[in-house]
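One file, target.txt, carrying compact mmCIF, C-alpha atoms:
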# COMPACT_ATOMS: atom_id res chain seq x y z
CA MET A 27 4.22 -128.12 91.54
CA LYS A 28 1.71 -128.33 88.66
CA CYS A 29 -0.73 -130.35 90.73
CA GLY A 30 -0.56 -127.74 93.48
CA ALA A 31 -1.19 -124.88 91.03
CA ILE A 32 -4.10 -126.70 89.40
CA GLY A 33 -5.61 -127.63 92.76
CA LEU A 34 -5.32 -124.10 94.13
CA THR A 35 -6.77 -122.57 90.96
CA LEU A 36 -9.73 -124.97 90.91
CA GLY A 37 -10.34 -124.39 94.61
CA LEU A 38 -10.47 -120.63 94.11
CA VAL A 39 -12.80 -121.09 91.13
CA ALA A 40 -15.05 -123.26 93.30
CA LEU A 41 -15.10 -120.54 95.98
CA MET A 42 -16.02 -117.88 93.43
CA LEU A 43 -18.74 -120.12 92.02
CA ILE A 44 -20.15 -120.67 95.51
CA LEU A 45 -20.31 -116.91 96.03
CA ILE A 46 -21.99 -116.37 92.65
CA LEU A 47 -24.56 -119.09 93.36
CA THR A 48 -25.18 -117.50 96.75
CA ALA A 49 -25.82 -114.18 95.01
CA VAL A 50 -28.29 -115.86 92.64
CA HIS A 51 -30.08 -117.51 95.55
CA THR A 52 -30.15 -114.36 97.68
CA VAL A 53 -31.50 -112.17 94.88
CA GLY A 54 -33.88 -114.84 93.62
CA THR A 55 -35.50 -115.41 97.02
CA ASP A 56 -35.89 -111.80 98.15
CA GLY A 57 -39.60 -111.00 98.29
CA GLU A 58 -39.03 -107.37 99.21
CA LEU A 59 -36.77 -106.96 96.18
CA TYR A 60 -39.51 -108.42 93.96
CA TYR A 61 -41.96 -105.89 95.34
CA ARG A 62 -39.65 -102.89 94.94
CA LEU A 63 -38.86 -103.78 91.33
CA GLN A 64 -42.50 -104.45 90.50
CA THR A 65 -43.54 -101.15 92.05
CA LYS A 66 -40.81 -99.35 90.09
CA ALA A 67 -42.09 -101.00 86.89
CA GLY A 68 -45.61 -99.79 87.67
CA ILE A 69 -47.34 -103.14 87.22
CA LEU A 70 -50.33 -102.08 89.35
CA PRO A 71 -53.25 -101.90 88.79
CA ALA A 72 -52.88 -103.71 85.42
CA ALA A 73 -51.73 -106.87 87.24
CA GLY A 74 -55.25 -107.40 88.53
CA ILE A 75 -54.38 -107.66 92.23
CA THR A 76 -54.08 -105.13 95.03
CA ASP A 77 -50.85 -103.78 96.47
CA ASP A 78 -51.26 -105.81 99.68
CA GLU A 79 -52.02 -108.98 97.73
CA LEU A 80 -48.94 -108.43 95.58
CA ARG A 81 -46.67 -108.01 98.59
CA ARG A 82 -48.00 -111.15 100.26
CA LEU A 83 -47.66 -113.11 97.03
CA ASP A 84 -44.08 -111.93 96.56
CA HIS A 85 -43.13 -113.25 99.99
CA ARG A 86 -44.90 -116.52 99.30
CA MET A 87 -42.98 -116.94 96.02
CA ALA A 88 -39.69 -116.07 97.73
CA ALA A 89 -40.34 -118.58 100.51
CA TYR A 90 -41.29 -121.23 97.94
CA LEU A 91 -38.11 -120.80 95.93
CA GLY A 92 -36.17 -120.76 99.19
CA GLY A 93 -37.32 -124.32 99.90
CA ASP A 94 -40.77 -124.02 101.53
CA SER A 95 -42.86 -126.15 99.17
CA ALA A 96 -46.07 -125.42 101.10
CA ALA A 97 -45.75 -121.65 100.57
CA LEU A 98 -47.52 -121.84 97.20
CA GLU A 99 -48.96 -125.33 97.07
CA ASP A 100 -51.36 -124.59 99.93
CA ASP A 101 -54.02 -122.36 98.36
CA PRO A 102 -52.14 -121.92 95.06
CA PRO A 103 -52.42 -118.38 93.66
CA PHE A 104 -51.67 -119.44 90.07
CA ASN A 105 -53.27 -121.65 87.45
CA ASP A 106 -51.98 -125.15 86.66
CA ARG A 107 -49.52 -124.04 83.97
CA GLU A 108 -48.05 -121.35 86.18
CA MET A 109 -47.75 -123.73 89.13
CA ALA A 110 -46.01 -126.28 86.91
CA HIS A 111 -43.49 -123.61 85.90
CA MET A 112 -43.00 -122.57 89.52
CA ALA A 113 -42.37 -126.22 90.38
CA ASP A 114 -39.60 -126.24 87.73
CA CYS A 115 -38.12 -123.12 89.34
CA PHE A 116 -38.38 -124.76 92.75
CA ARG A 117 -36.32 -127.71 91.51
CA LEU A 118 -33.73 -125.38 89.98
CA PHE A 119 -33.22 -123.52 93.26
CA ALA A 120 -33.04 -126.83 95.12
CA LEU A 121 -30.36 -127.96 92.65
CA LEU A 122 -28.50 -124.68 93.20
CA ARG A 123 -28.42 -125.29 96.95
CA LYS A 124 -27.27 -128.87 96.42
CA VAL A 125 -24.46 -127.85 94.05
CA ARG A 126 -23.34 -125.14 96.44
CA ALA A 127 -23.28 -127.59 99.35
CA ARG A 128 -21.33 -130.17 97.33
CA LEU A 129 -18.80 -127.58 96.18
CA ALA A 130 -18.03 -126.32 99.70
CA PRO A 131 -15.90 -129.25 100.93
CA TRP A 132 -14.14 -129.56 97.58
CA GLU A 133 -13.31 -125.86 97.66
CA VAL A 134 -11.67 -126.22 101.08
CA LEU A 135 -9.83 -129.40 100.09
CA LEU A 136 -8.54 -128.01 96.80
CA ILE A 137 -7.38 -124.69 98.25
CA ALA A 138 -5.71 -126.26 101.27
CA GLY A 139 -4.22 -129.17 99.31
CA GLY A 140 -3.12 -127.01 96.41
CA ALA A 141 -1.47 -124.46 98.71
CA TRP A 142 0.28 -127.22 100.65
CA LEU A 143 1.65 -128.78 97.46
CA LEU A 144 2.59 -125.45 95.90
CA GLN A 145 4.21 -123.69 98.89
CA ASP A 146 5.23 -120.82 96.67
CA ARG A 147 3.92 -117.31 97.14
CA ARG A 148 4.59 -115.95 93.68
CA ARG A 149 2.93 -118.89 91.94
CA ALA A 150 0.06 -118.80 94.42
CA ARG A 151 -0.56 -115.14 93.61
CA ARG A 152 -0.40 -115.96 89.90
CA CYS A 153 -2.97 -118.73 90.36
CA ALA A 154 -5.18 -116.36 92.34
CA TRP A 155 -5.32 -113.75 89.58
CA LEU A 156 -5.61 -116.25 86.71
CA SER A 157 -8.45 -118.22 88.34
CA PRO A 158 -11.22 -115.65 87.67
CA LEU A 159 -10.61 -115.97 83.91
CA ILE A 160 -12.14 -119.45 83.97
CA LEU A 161 -15.48 -117.95 84.97
CA LEU A 162 -15.02 -114.46 83.58
CA VAL A 163 -14.90 -115.55 79.93
CA PRO A 164 -18.32 -117.32 79.77
CA LEU A 165 -20.01 -115.02 82.30
CA GLY A 166 -18.60 -111.91 80.65
CA ALA A 167 -19.71 -113.06 77.21
CA PHE A 168 -23.24 -113.68 78.48
CA ALA A 169 -23.30 -110.32 80.30
CA ILE A 170 -22.30 -108.48 77.12
CA TRP A 171 -24.95 -110.38 75.17
CA ALA A 172 -27.62 -109.49 77.75
CA ALA A 173 -26.56 -105.83 77.72
CA VAL A 174 -26.80 -105.67 73.90
CA ASP A 175 -29.91 -107.81 73.40
CA PHE A 176 -31.59 -108.76 76.66
CA ASP A 177 -34.59 -110.39 74.97
CA SER A 178 -32.58 -113.01 73.07
CA ALA A 179 -30.30 -113.66 76.07
CA PHE A 180 -33.38 -114.06 78.28
CA VAL A 181 -34.91 -116.60 75.88
CA PHE A 182 -31.63 -118.51 75.56
CA PHE A 183 -31.27 -118.61 79.35
CA HIS A 184 -34.75 -120.10 79.75
CA ARG A 185 -34.26 -122.63 76.96
CA LEU A 186 -31.01 -123.67 78.59
CA LEU A 187 -32.53 -124.13 82.05
CA PHE A 188 -35.94 -125.58 81.19
CA THR A 189 -36.79 -128.64 79.11
CA ASN A 190 -40.34 -127.45 78.38
CA ASP A 191 -42.17 -124.31 77.28
CA LEU A 192 -44.10 -123.71 80.49
CA TRP A 193 -42.18 -120.46 80.94
CA LEU A 194 -43.97 -119.06 77.87
CA LEU A 195 -46.92 -117.45 79.62
CA ASP A 196 -49.81 -115.32 78.38
CA PRO A 197 -50.45 -112.01 80.21
CA ARG A 198 -54.15 -112.29 79.33
CA THR A 199 -54.56 -115.45 81.40
CA ASP A 200 -51.46 -115.81 83.58
CA LEU A 201 -50.92 -113.68 86.67
CA LEU A 202 -47.28 -114.71 87.01
CA ILE A 203 -46.19 -112.94 83.83
CA ARG A 204 -48.18 -109.84 84.75
CA ILE A 205 -46.44 -109.45 88.11
CA CYS A 206 -42.96 -110.40 86.86
CA PRO A 207 -42.11 -108.02 84.01
CA GLU A 208 -38.93 -108.30 81.98
CA SER A 209 -37.51 -105.19 83.65
CA MET A 210 -37.70 -106.99 86.99
CA PHE A 211 -35.53 -109.85 85.73
CA ALA A 212 -33.12 -107.41 84.11
CA ALA A 213 -32.66 -105.54 87.39
CA MET A 214 -32.19 -108.80 89.30
CA GLY A 215 -29.65 -109.94 86.71
CA LEU A 216 -27.74 -106.69 87.13
CA ARG A 217 -27.55 -107.19 90.89
CA ILE A 218 -26.30 -110.74 90.43
CA GLY A 219 -23.76 -109.48 87.92
CA LEU A 220 -22.42 -106.85 90.31
CA TRP A 221 -22.06 -109.40 93.10
CA SER A 222 -20.33 -111.74 90.66
CA VAL A 223 -17.79 -109.03 89.84
CA VAL A 224 -17.17 -108.56 93.56
CA ALA A 225 -16.57 -112.31 93.91
CA LEU A 226 -14.29 -112.49 90.87
CA LEU A 227 -12.14 -109.64 92.17
CA GLY A 228 -12.49 -110.18 95.90
CA VAL A 229 -11.39 -113.83 96.03
CA PRO A 230 -8.05 -113.22 94.22
CA ALA A 231 -7.47 -110.09 96.31
CA LEU A 232 -8.09 -112.03 99.52
CA ALA A 233 -5.84 -114.88 98.37
CA THR A 234 -3.09 -112.38 97.56
CA ALA A 235 -3.44 -110.79 100.99
CA VAL A 236 -3.24 -114.21 102.67
CA CYS A 237 -0.07 -114.96 100.71
CA GLY A 238 1.47 -111.75 102.02
CA LEU A 239 0.55 -112.52 105.62
CA TRP A 240 1.59 -116.18 105.54
CA PRO A 241 4.46 -117.03 107.92
CA GLY A 242 7.92 -117.24 106.45
CA GLY A 243 8.41 -113.91 104.71
CA GLY A 244 10.63 -110.96 105.49
CA GLN A 245 12.53 -111.36 108.72
CA ARG A 246 10.57 -114.37 109.91
CA ARG A 247 12.67 -117.41 110.77
CA ASP A 248 9.90 -119.94 111.39
CA ARG A 249 8.86 -122.60 108.93
CA GLY A 250 6.85 -121.14 106.04
CA TRP A 251 6.57 -120.15 102.43
CA LYS A 252 9.18 -118.12 100.61
CA ASP A 253 9.07 -116.03 97.44
CA ASN A 254 11.11 -117.62 94.66
CA ARG A 255 12.07 -114.36 92.97
CA GLY A 256 14.28 -115.03 89.99
CA THR A 257 15.60 -118.40 91.18
CA GLY A 258 13.02 -120.66 89.58
CA LYS A 259 13.23 -122.76 92.76
CA LYS A 260 11.04 -123.32 95.77
CA TYR A 261 12.63 -123.54 99.17
CA ARG A 262 11.70 -123.34 102.85
CA ILE A 263 13.48 -122.17 105.96
CA ASP A 264 13.53 -124.22 109.10
CA SER A 265 14.06 -122.54 112.43

Write the structure described by the file as structure tokens, please.
Amino acid sequence: MKCGAIGLTLGLVALMLILILTAVHTVGTDGELYYRLQTKAGILPAAGITDDELRRLDHRMAAYLGGDSAALEDDPPFNDREMAHMADCFRLFALLRKVRARLAPWEVLLIAGGAWLLQDRRRARRCAWLSPLILLVPLGAFAIWAAVDFDSAFVFFHRLLFTNDLWLLDPRTDLLIRICPESMFAAMGLRIGLWSVVALLGVPALATAVCGLWPGGGQRRDRGWKDNRGTGKKYRIDS
């Protein structure tokens, strides 16, 4: 029983994490989103490039972070320090895709195996609604920190992800910092946060709905799960 509950909970956490990583990847590789946020921040003409050049560069950066290494390395638009930082970002997004791909089979195995071992609707629903807490506590704490003091949270985030100081750029010499203002990252973070909330609420809601539709409830006489209301026991009905 405990193994089933733990397996199901971890499987649901893995699914939520996959969805959150997908949100990070989708937002972080959206060239049109870059451009809209940059335009809203009014970075032109101080950035030193034209509107058309900015839009093309945004799509090149998005393609690069999405896995196309030639998108920036052929005719690089940045200086050596900026390109070294972009290479670090490239590796981070590649790691994100790898982690997401590795989690996918484990998520399926843990959910299916945990549900099979548990075979109890009430406990499955409890696991579903407790599982988001594992991610909600650290993510929520960071979100509150970012809302109160975005600058310090932003610096902490970069120091956590990068082992060097290449992300510390100078707007006088580095184009990358001129076209990627702090407000752009804040808006992207907000979008990722909203999608994370959807994942943290949507996965338990979906799991609860599946529990309600699973064969074996109500008047059904086929083999399936049963609610163990008040008995403290798990049992099945065979047709």

Using all atoms listed in the file, the best pick from A:Ala138, A:Val53, A:Ala213, A:Leu201 as closest to Ala173 of chain A would be A:Ala213

Which residues, written as a PDB file with C-alpha atoms, in the frame of the given file, have at least one atom at most 9 Å from segment 154-156 of chain A, with all atoms listed in the file counted and residues fewer than 5 positions away on the same chain left out?
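For reference, result37.pdb as written:
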ATOM      1  CA  LEU A  34      -5.320-124.100  94.130  1.00  0.00           C
ATOM      2  CA  THR A  35      -6.770-122.570  90.960  1.00  0.00           C
ATOM      3  CA  LEU A  38     -10.470-120.630  94.110  1.00  0.00           C
ATOM      4  CA  ARG A 149       2.930-118.890  91.940  1.00  0.00           C
ATOM      5  CA  LEU A 227     -12.140-109.640  92.170  1.00  0.00           C
ATOM      6  CA  VAL A 229     -11.390-113.830  96.030  1.00  0.00           C
ATOM      7  CA  PRO A 230      -8.050-113.220  94.220  1.00  0.00           C
ATOM      8  CA  ALA A 231      -7.470-110.090  96.310  1.00  0.00           C
ATOM      9  CA  LEU A 232      -8.090-112.030  99.520  1.00  0.00           C
ATOM     10  CA  ALA A 233      -5.840-114.880  98.370  1.00  0.00           C
ATOM     11  CA  THR A 234      -3.090-112.380  97.560  1.00  0.00           C
TER      12      THR A 234
END

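Residue nearest Phe168 of chain A, chosen from A:Leu216, A:Ala97, A:Thr189, A:Gly74 and counting only C-alpha atoms: A:Leu216.
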
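Counting all atoms listed in the file, Gly93 of chain A has the following residues at most 12 Å away, ignoring those fewer than 5 positions along the same chain: A:His51, A:Gly54, A:Thr55, A:Arg86, A:Met87, A:Ala88, A:Leu98, A:Met112, A:Ala113, A:Cys115, A:Phe116, A:Arg117, A:Leu118, A:Phe119, A:Ala120, A:Leu121, A:Leu122, A:Arg123, A:Lys124.
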
Between A:Ile160, A:Ala169, A:Leu187, A:Ala67, smallest distance to Ile205 of chain A by all atoms listed in the file belongs to A:Ala67

Might I get the box with edges along x, y and z of the file that holds all atoms of segment 158-175 of chain A listed there, padded by 8 Å on every side, given as centre and edge lengths in Å to one decimal, as AutoDock Vina command-line options?
--center_x -20.3 --center_y -112.6 --center_z 80.5 --size_x 35.3 --size_y 29.8 --size_z 30.3

Of A:Leu41, A:Ala73, A:Leu239, A:Leu83, the one nearest to Asp200 of chain A when counting all atoms listed in the file is A:Ala73

Within 10 Å of Leu135 of chain A, counting only C-alpha atoms, which residues show up once you throw out same-chain ones fewer than 5 positions away? Write them as a ChimeraX atom specification, please.
/A:33-34,37,129-130,140-141

Worksheet entry | Straight-line distance linking atom CA of Leu220 of chain A with atom CA of Arg62 of chain A, stated in Å to one decimal |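 Separation between atom CA of Leu220 of chain A and atom CA of Arg62 of chain A: 18.3 Å.
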
- Query: Hey, which of A:Ser95, A:Gln145, A:Ser222, A:Ser157 ends up closest to Cys237 of chain A? Count only C-alpha atoms.
  - Reply: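 Answer, going by the shortest atom-to-atom distance: A:Gln145.
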
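Atom CA of Ala179 of chain A is positioned 17.8 Å from atom CA of Leu161 of chain A.
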
Nearest-residue call for Asp196 of chain A, choices A:Gly219, A:Asn105, A:Trp171, A:Leu162, using all atoms listed in the file
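Nearest to Asp196 of chain A: A:Asn105.
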
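Atom to atom, atom CA of Val39 of chain A and atom CA of Gly92 of chain A stand 24.7 Å apart.
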
Which neighbours of segment 184-186 of chain A fall inside 12 Å, counting all atoms listed in the file, when residues of the same chain fewer than 6 positions from it are skipped, and could you give them as a tab-separated table (two decimals) with C-alpha atoms, keeping the file's coordinate frame?
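The new file part-v5.tsv reads:
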chain	number	residue	atom	x	y	z
A	111	HIS	CA	-43.49	-123.61	85.90
A	114	ASP	CA	-39.60	-126.24	87.73
A	115	CYS	CA	-38.12	-123.12	89.34
A	118	LEU	CA	-33.73	-125.38	89.98
A	177	ASP	CA	-34.59	-110.39	74.97
A	178	SER	CA	-32.58	-113.01	73.07
A	192	LEU	CA	-44.10	-123.71	80.49
A	193	TRP	CA	-42.18	-120.46	80.94
A	194	LEU	CA	-43.97	-119.06	77.87
A	211	PHE	CA	-35.53	-109.85	85.73

_For Trp221 of chain A, find every residue with an atom within 12 Å (counting all atoms listed in the file), except residues of its own chain fewer than 2 positions away, and show them as JSON, numbers by chain._
{"A": [42, 43, 44, 45, 46, 47, 48, 49, 50, 51, 52, 53, 214, 215, 216, 217, 218, 219, 223, 224, 225, 226, 227, 228, 229]}
